[in-house]
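Before any comments, here is the structure.
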Amino acid sequence: MAEERLRPDPDELLGSIKKAARGKLTVFLGAVAGVGKTYKMLEAAHERKADGVRVLTGWIETHGRPETERLAAGIPGIPPGELLYRDRVMLEMDIDAVLQQQPELVLVDELAHTNIPGSRHVRRYQDVEELLAAGIHVYTTVNIQHMESLNDVVAQITGVIVRETVPDYVLAQADNIQLIDIPPEELIKRLQEGKVYRQGQVQQALKNFFRLGNINALRELALRFTASRVDRDLNEYMRQKQIAGPWPAAGRIMVCVSPSPFSAQLIRAAHRFASGLHAEFLAVHIETAQRRFPLGDKERDRIARNMRLAEELGARTLMVVGNDLVKEILEVARTHNVTAIVVGKSGNTHLQDLFRKSFVDRLIRASGGIHVYVVQGAVEEEKRPEIKTVLPATSFAGMIPFAGGLAMTALVTLAGWLGRDHWELVNVALLYLLPVLLSAVWWGRWPSYFTAVISVACFDYLFVPPLFTFSVYDFRFVWSFAIFLLVSFLIGGRTEWLRREAKAAQLRERGIRALYKFSREIAAVIDLEFICRELVRHAGETIGRDTLVLCPDKSGKLYLAGSYDSSRFALVEDFSLSDAEYAVAVWSYKNQRVAGCSTETLPGAENLYVPLTAGESVGGVFGVRIGAQPVTPEEKRLIDAWSGLAAMAIERVTLARQAQQAALVVESDRLRMALFNSVSHELRTPLATITGAVSTLLDPDIQYPEELRTELLETILYGAARMERVVNNLLDTARQESGMLQLKTDWCDIEDMVGSAWRRISERKQTHTLITKLPETLPLLRADCVLLEQVLINLLDNAIKYSPQGSPITVSAAQDGSQVVLSVRDEGPGIGLEDRERIFEKFYRAPQVRKVSGTGLGLSICKGIVEAHKGVIWAENHPDGGAQISIRLPVSTDGTNP
């Protein structure tokens, strides 16, 4: 059943994408459980239902209270979804069913609830955010102790750490917050009457959480929060209405995030300061080289957790690498115009402060005009997973570094024993530093410490009198052993730190180099497939994980545009993506939010999916296979950087395609107007001539002589032939543009084609003479004789149009190697230099010859036919005057098509 919840129909999900206005969120806020939040929410829902609003219940917790159950029964509900968890069927809100029903208002109780594993989201407030994004209004309930920023305050008041929390931004973005409050005495009475918990739990609750002092404190927190919300709404109203008033000065609060266990408390305290001062909130983590030991995996995970907490509370996060911690903090503060810094109280002892000033003291001394808030924190109990696993047995591979240190110590011992008669003890002692140093460089701190202890033991046993015993006669050797161990520990620790820093720097450099190379390769590329392939290749090679990119097709359905297999170190096309994984990718694409593994949205997926968002558009989804190895903060930053670059590149491709489409539309409109103007002119003139001649011949009152009658009929024939030529040119152009022009090749004689073309021209025009210069040795051409004859007709007709009456038209041909050059020359004014290339474009007419009739298609058709024969056509001016248009055609010697 969990699988069914994870696999909604992708087509249905994509089809539901719409531009809906965001729904409104109403929160019913209470100090503690039992104040009547659910009851008041149901009452308000009944009022909306009476107004004609379509109301549904998505999830309601009645806790067995009869009056609440009666109210809930009056509103239609959506059946909960079933999830299989630990061999038990659990019920959760079915968010897909709610989205399918599309109510105007939905009721979702217990906003801070954690969903059953296998749900789409980890937390219920994320379900509510998705409903709001779909344009559905939501009524919900929450208690004040579930606010993330008050988590440590509530723990201090009640002694209970609340595990289920809601980020403050969720309530900050609420359109309406209604405080549900009752006196503490009445709440205790309700508890005693069994209206909040079952009778068996009442006494325990009254002794622990529901003490009168706790209730009053939580009630005050709820009242203060509601008052601050009212104050914020009033300030916003005064700004909108431009009402003068004392506005708070804008500020910016910065909190320093460290691997400290109580760093989360600092973040919450800084958030409360920022909220109270109406200031912006900045969370900064600075990595420095001043640490005694390098950060471990646990500390890095804690830093990543704290940074996510800061983001949930609305902070802008920043990570900086530097040398001096105080200097870097103040540099960041001054760069971002920070007015106050929140830090934790130093844990140094008085003795440590005596020899060295604490970090807080140095920060306060150098802060200048920046305020510094010092917060005393307590170590926060870490949330541990409920599932316990058996630790695997120590493998032999884990013992190799210690065995290597032992082997090197044995070699050094052997060398020292062989040279004991020639070396001083101090030389042997220095020789033992070699395996310590090499162990630290190759394997890390702990093998180095082990090697140091073994080295001291061997040195004492074999070289320090009395020999072959661990006793020492000279007490000075004890100090030598202590100094040796201290030096070894310092060398081992610092060497491992340098090794890790070098590795981290190498990874950062590799990531930056890959990002630079990727950005350079896609900088001017508008090929979407190439961008997707380069993205998955660079990302997969750098972080060593399987990567993929999904892009939408013309119908909006996602398809696999590129994938990289890290095990094969190559791009692959057989990458398999299950239906469940595809559904998660579709959800990420639809909602423009990160989803999948290592997130709180559909965390059961194998891959992490990041939408490629640029502005308001989404170009696709970038997926990274996570598996058992979690994503490090460095990898997360690289993934975000690659996603951002790819999103901008895909958006550029989309805009380029849109620009091409717009250019095609403009060009199509221009050609349409040119075609309309040319055809209307070319058809109107012969049509008017034909109409006039026919009208004259049909007049019954006039008897025409035979010569005049013949002349009128020839006029009709000439006009009809002219119209036929226009139509044929249009049809030939359409055939060329549609790709339907097919050659019917045969052996063609150039002299026969010239004679046939001139006869067809002279039937219409007998105003010029033809001069031919055709050698008898011309070879036959393997070509489409009909189309080449059409080319000659168009060239001859063009020459007649632009040459004086009675002037000769010269047709010449010559063989040039394996080609034949055929030219048509007139005695006209010639062709301008700027017009020689453009005269072969459709509808182009040289400006100085506008008085000559024509559509501007003849030479364009000639160019298409010649190029279909693998030939070339060009225009030039003849040295003796006039224009000359030549074509060069290949001669086929083997009888094959050109």
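Lettering and numbering for the structure tokens are positional, with chains as A, B, ... in the shown order, residues counted from 1 in each chain, and ligands counted from 1 in the shown order.
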
Please, which residues of stretch 429-643 of chain A, numbered as in this document, come out alpha helix (DSSP H) from DSSP, as a ChimeraX atom specification?
/A:429-431,433-442,445-462,476-521,528-543,579-591,633-643

Selected residues written out with C-alpha atoms, as an mmCIF file, in the first residue's frame:
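Saved file out.cif follows:
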data_model
loop_
_atom_site.group_PDB
_atom_site.id
_atom_site.type_symbol
_atom_site.label_atom_id
_atom_site.label_comp_id
_atom_site.auth_asym_id
_atom_site.auth_seq_id
_atom_site.Cartn_x
_atom_site.Cartn_y
_atom_site.Cartn_z
ATOM 1 C CA ALA A 429 64.669 7.958 18.805
ATOM 2 C CA LEU A 430 64.482 10.342 15.846
ATOM 3 C CA LEU A 431 64.372 7.376 13.489
ATOM 4 C CA LEU A 433 59.462 9.408 14.148
ATOM 5 C CA LEU A 434 59.526 8.197 10.539
ATOM 6 C CA PRO A 435 56.843 5.451 10.863
ATOM 7 C CA VAL A 436 54.727 7.815 12.988
ATOM 8 C CA LEU A 437 54.820 10.480 10.297
ATOM 9 C CA LEU A 438 54.176 8.034 7.436
ATOM 10 C CA SER A 439 51.239 6.455 9.298
ATOM 11 C CA ALA A 440 49.684 9.880 9.760
ATOM 12 C CA VAL A 441 50.176 10.804 6.109
ATOM 13 C CA TRP A 442 48.891 7.523 4.691
ATOM 14 C CA ARG A 445 45.469 10.039 13.223
ATOM 15 C CA TRP A 446 44.672 6.813 15.089
ATOM 16 C CA PRO A 447 47.130 4.550 13.242
ATOM 17 C CA SER A 448 49.745 7.235 13.897
ATOM 18 C CA TYR A 449 48.977 7.232 17.627
ATOM 19 C CA PHE A 450 49.142 3.433 17.709
ATOM 20 C CA THR A 451 52.503 3.500 15.914
ATOM 21 C CA ALA A 452 53.819 6.108 18.378
ATOM 22 C CA VAL A 453 52.946 3.948 21.400
ATOM 23 C CA ILE A 454 54.488 0.849 19.805
ATOM 24 C CA SER A 455 57.607 2.849 18.899
ATOM 25 C CA VAL A 456 58.065 4.067 22.503
ATOM 26 C CA ALA A 457 57.604 0.527 23.791
ATOM 27 C CA CYS A 458 60.182 -0.896 21.349
ATOM 28 C CA PHE A 459 62.667 1.881 22.051
ATOM 29 C CA ASP A 460 62.354 1.380 25.804
ATOM 30 C CA TYR A 461 62.527 -2.406 25.628
ATOM 31 C CA LEU A 462 65.451 -2.756 23.199
ATOM 32 C CA ARG A 476 65.253 11.577 32.134
ATOM 33 C CA PHE A 477 64.130 8.952 29.613
ATOM 34 C CA VAL A 478 60.608 9.200 31.027
ATOM 35 C CA TRP A 479 60.514 12.837 29.977
ATOM 36 C CA SER A 480 61.919 11.817 26.593
ATOM 37 C CA PHE A 481 59.100 9.280 26.184
ATOM 38 C CA ALA A 482 56.492 11.889 27.120
ATOM 39 C CA ILE A 483 57.919 14.451 24.698
ATOM 40 C CA PHE A 484 58.117 11.803 21.962
ATOM 41 C CA LEU A 485 54.449 10.865 22.456
ATOM 42 C CA LEU A 486 53.401 14.520 22.574
ATOM 43 C CA VAL A 487 55.296 15.310 19.376
ATOM 44 C CA SER A 488 53.871 12.187 17.737
ATOM 45 C CA PHE A 489 50.330 13.141 18.722
ATOM 46 C CA LEU A 490 50.796 16.665 17.385
ATOM 47 C CA ILE A 491 52.320 15.383 14.151
ATOM 48 C CA GLY A 492 49.599 12.781 13.713
ATOM 49 C CA GLY A 493 46.737 15.188 14.388
ATOM 50 C CA ARG A 494 48.039 18.022 12.236
ATOM 51 C CA THR A 495 49.081 15.688 9.430
ATOM 52 C CA GLU A 496 45.622 14.141 9.288
ATOM 53 C CA TRP A 497 44.100 17.622 9.347
ATOM 54 C CA LEU A 498 46.321 18.658 6.457
ATOM 55 C CA ARG A 499 45.459 15.461 4.618
ATOM 56 C CA ARG A 500 41.726 16.072 5.015
ATOM 57 C CA GLU A 501 42.053 19.723 4.117
ATOM 58 C CA ALA A 502 44.054 18.806 1.024
ATOM 59 C CA LYS A 503 41.422 16.261 0.064
ATOM 60 C CA ALA A 504 38.612 18.759 0.676
ATOM 61 C CA ALA A 505 40.474 21.425 -1.318
ATOM 62 C CA GLN A 506 41.020 18.915 -4.102
ATOM 63 C CA LEU A 507 37.315 18.065 -4.152
ATOM 64 C CA ARG A 508 36.366 21.755 -4.149
ATOM 65 C CA GLU A 509 38.854 22.492 -6.908
ATOM 66 C CA ARG A 510 37.559 19.570 -8.951
ATOM 67 C CA GLY A 511 34.002 20.729 -8.458
ATOM 68 C CA ILE A 512 34.799 24.320 -9.411
ATOM 69 C CA ARG A 513 36.798 23.166 -12.429
ATOM 70 C CA ALA A 514 33.912 20.956 -13.546
ATOM 71 C CA LEU A 515 31.439 23.812 -13.080
ATOM 72 C CA TYR A 516 33.665 26.150 -15.089
ATOM 73 C CA LYS A 517 34.123 23.611 -17.850
ATOM 74 C CA PHE A 518 30.412 22.859 -17.931
ATOM 75 C CA SER A 519 29.451 26.545 -18.055
ATOM 76 C CA ARG A 520 32.007 27.195 -20.810
ATOM 77 C CA GLU A 521 30.775 24.276 -22.927
ATOM 78 C CA LEU A 528 18.952 20.887 -25.448
ATOM 79 C CA GLU A 529 20.150 17.299 -25.792
ATOM 80 C CA PHE A 530 23.809 18.394 -25.656
ATOM 81 C CA ILE A 531 23.213 20.483 -22.525
ATOM 82 C CA CYS A 532 21.508 17.580 -20.767
ATOM 83 C CA ARG A 533 24.269 15.133 -21.682
ATOM 84 C CA GLU A 534 26.999 17.511 -20.480
ATOM 85 C CA LEU A 535 25.131 18.171 -17.235
ATOM 86 C CA VAL A 536 24.812 14.512 -16.243
ATOM 87 C CA ARG A 537 28.355 13.719 -17.386
ATOM 88 C CA HIS A 538 30.075 16.520 -15.461
ATOM 89 C CA ALA A 539 27.947 16.070 -12.350
ATOM 90 C CA GLY A 540 28.314 12.284 -12.365
ATOM 91 C CA GLU A 541 32.087 12.375 -12.867
ATOM 92 C CA THR A 542 32.633 14.956 -10.126
ATOM 93 C CA ILE A 543 30.495 13.537 -7.309
ATOM 94 C CA ASP A 579 7.258 4.179 -12.108
ATOM 95 C CA ALA A 580 7.614 5.230 -8.479
ATOM 96 C CA GLU A 581 10.777 7.228 -9.197
ATOM 97 C CA TYR A 582 9.172 8.770 -12.273
ATOM 98 C CA ALA A 583 6.188 9.852 -10.168
ATOM 99 C CA VAL A 584 8.508 11.595 -7.691
ATOM 100 C CA ALA A 585 10.265 13.393 -10.562
ATOM 101 C CA VAL A 586 6.910 14.498 -11.957
ATOM 102 C CA TRP A 587 5.893 15.823 -8.558
ATOM 103 C CA SER A 588 9.135 17.803 -8.277
ATOM 104 C CA TYR A 589 8.623 19.201 -11.784
ATOM 105 C CA LYS A 590 5.007 20.085 -11.143
ATOM 106 C CA ASN A 591 5.531 21.745 -7.754
ATOM 107 C CA PRO A 633 26.871 19.922 2.090
ATOM 108 C CA GLU A 634 29.589 20.311 -0.552
ATOM 109 C CA GLU A 635 27.756 17.951 -2.907
ATOM 110 C CA LYS A 636 24.494 19.776 -2.231
ATOM 111 C CA ARG A 637 26.081 23.093 -3.177
ATOM 112 C CA LEU A 638 27.515 21.571 -6.353
ATOM 113 C CA ILE A 639 24.147 20.045 -7.274
ATOM 114 C CA ASP A 640 22.455 23.419 -6.755
ATOM 115 C CA ALA A 641 25.128 25.135 -8.863
ATOM 116 C CA TRP A 642 24.803 22.626 -11.718
ATOM 117 C CA SER A 643 21.023 22.826 -11.569
#

Please provide as an MDAnalysis selection string all residues within 6 Å of stretch 321-330 of chain A, with the sequence filter that same-chain residues fewer than 4 positions apart are discarded (counting only C-alpha atoms).
chainID A and resid 286:289 363

Please write the residues from the selection above to a file, keeping all heavy atoms, as a PDB file, in the first residue's frame.
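Okay, again35.pdb is ready:
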ATOM      1  N   ILE A 286      31.637  29.264   9.377  1.00  0.00           N
ATOM      2  CA  ILE A 286      32.965  29.585   8.868  1.00  0.00           C
ATOM      3  C   ILE A 286      33.901  28.428   9.187  1.00  0.00           C
ATOM      4  O   ILE A 286      34.048  28.044  10.350  1.00  0.00           O
ATOM      5  CB  ILE A 286      33.492  30.894   9.494  1.00  0.00           C
ATOM      6  CG1 ILE A 286      32.564  32.052   9.097  1.00  0.00           C
ATOM      7  CG2 ILE A 286      34.923  31.160   9.040  1.00  0.00           C
ATOM      8  CD1 ILE A 286      32.941  33.373   9.702  1.00  0.00           C
ATOM      9  N   GLU A 287      34.506  27.887   8.165  1.00  0.00           N
ATOM     10  CA  GLU A 287      35.504  26.838   8.323  1.00  0.00           C
ATOM     11  C   GLU A 287      36.888  27.493   8.373  1.00  0.00           C
ATOM     12  O   GLU A 287      37.247  28.240   7.462  1.00  0.00           O
ATOM     13  CB  GLU A 287      35.437  25.838   7.170  1.00  0.00           C
ATOM     14  CG  GLU A 287      34.192  24.977   7.158  1.00  0.00           C
ATOM     15  CD  GLU A 287      34.271  23.881   6.122  1.00  0.00           C
ATOM     16  OE1 GLU A 287      35.354  23.712   5.538  1.00  0.00           O
ATOM     17  OE2 GLU A 287      33.247  23.213   5.879  1.00  0.00           O
ATOM     18  N   THR A 288      37.623  27.202   9.425  1.00  0.00           N
ATOM     19  CA  THR A 288      38.946  27.814   9.590  1.00  0.00           C
ATOM     20  C   THR A 288      39.989  26.728   9.793  1.00  0.00           C
ATOM     21  O   THR A 288      39.682  25.564  10.064  1.00  0.00           O
ATOM     22  CB  THR A 288      38.955  28.760  10.806  1.00  0.00           C
ATOM     23  OG1 THR A 288      38.821  27.987  11.999  1.00  0.00           O
ATOM     24  CG2 THR A 288      37.842  29.778  10.716  1.00  0.00           C
ATOM     25  N   ALA A 289      41.237  27.145   9.695  1.00  0.00           N
ATOM     26  CA  ALA A 289      42.361  26.229   9.912  1.00  0.00           C
ATOM     27  C   ALA A 289      42.829  26.230  11.352  1.00  0.00           C
ATOM     28  O   ALA A 289      43.864  25.637  11.665  1.00  0.00           O
ATOM     29  CB  ALA A 289      43.523  26.625   8.997  1.00  0.00           C
ATOM     30  N   LEU A 363      36.051  38.661  19.929  1.00  0.00           N
ATOM     31  CA  LEU A 363      35.014  39.168  19.034  1.00  0.00           C
ATOM     32  C   LEU A 363      34.445  40.482  19.545  1.00  0.00           C
ATOM     33  O   LEU A 363      34.243  41.434  18.782  1.00  0.00           O
ATOM     34  CB  LEU A 363      33.909  38.124  18.885  1.00  0.00           C
ATOM     35  CG  LEU A 363      32.732  38.500  17.962  1.00  0.00           C
ATOM     36  CD1 LEU A 363      33.229  38.690  16.534  1.00  0.00           C
ATOM     37  CD2 LEU A 363      31.652  37.425  18.009  1.00  0.00           C
TER      38      LEU A 363
END

Atom CA of A:Gly213 and atom CA of A:Ala155 are how many Å apart?
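Atom CA of A:Gly213 sits 13.6 Å away from atom CA of A:Ala155.
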
Taking the backbone alone, and naming residues the way the document does, which bits of stretch 490-722 of chain A are strand (DSSP E) by DSSP, as number ranges by chain?
A: 547-552, 558-565, 570-571, 595-596, 607-614, 617-625

Please determine, counting only C-alpha atoms, which residue among A:Glu148, A:Asp361, A:Asp181, A:Glu706 has the shortest atom-to-atom distance to A:Ala264.
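Once distances to A:Ala264 are computed over only C-alpha atoms, the minimum belongs to A:Glu148.
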
For A:Gln376, find every residue with an atom within 12 Å (counting only C-alpha atoms), except residues of its own chain fewer than 4 positions away, and show them as a PyMOL selection string.
chain A and resi 262-263+265-266+269+342-347+360

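Here atom CA of A:Thr413 is placed at a distance of 9.4 Å from atom CA of A:Phe463.
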
For A:Ile873, which residue out of A:Ala45, A:Val338, A:Ile861, A:Ala647 is the nearest one, using only C-alpha atoms?
A:Ile861

A:Arg88, A:Lys773, A:Lys744, A:Arg268 ranked by distance to A:Val786, top pick (using only C-alpha atoms)
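The answer is A:Lys744, which sits nearest to A:Val786.
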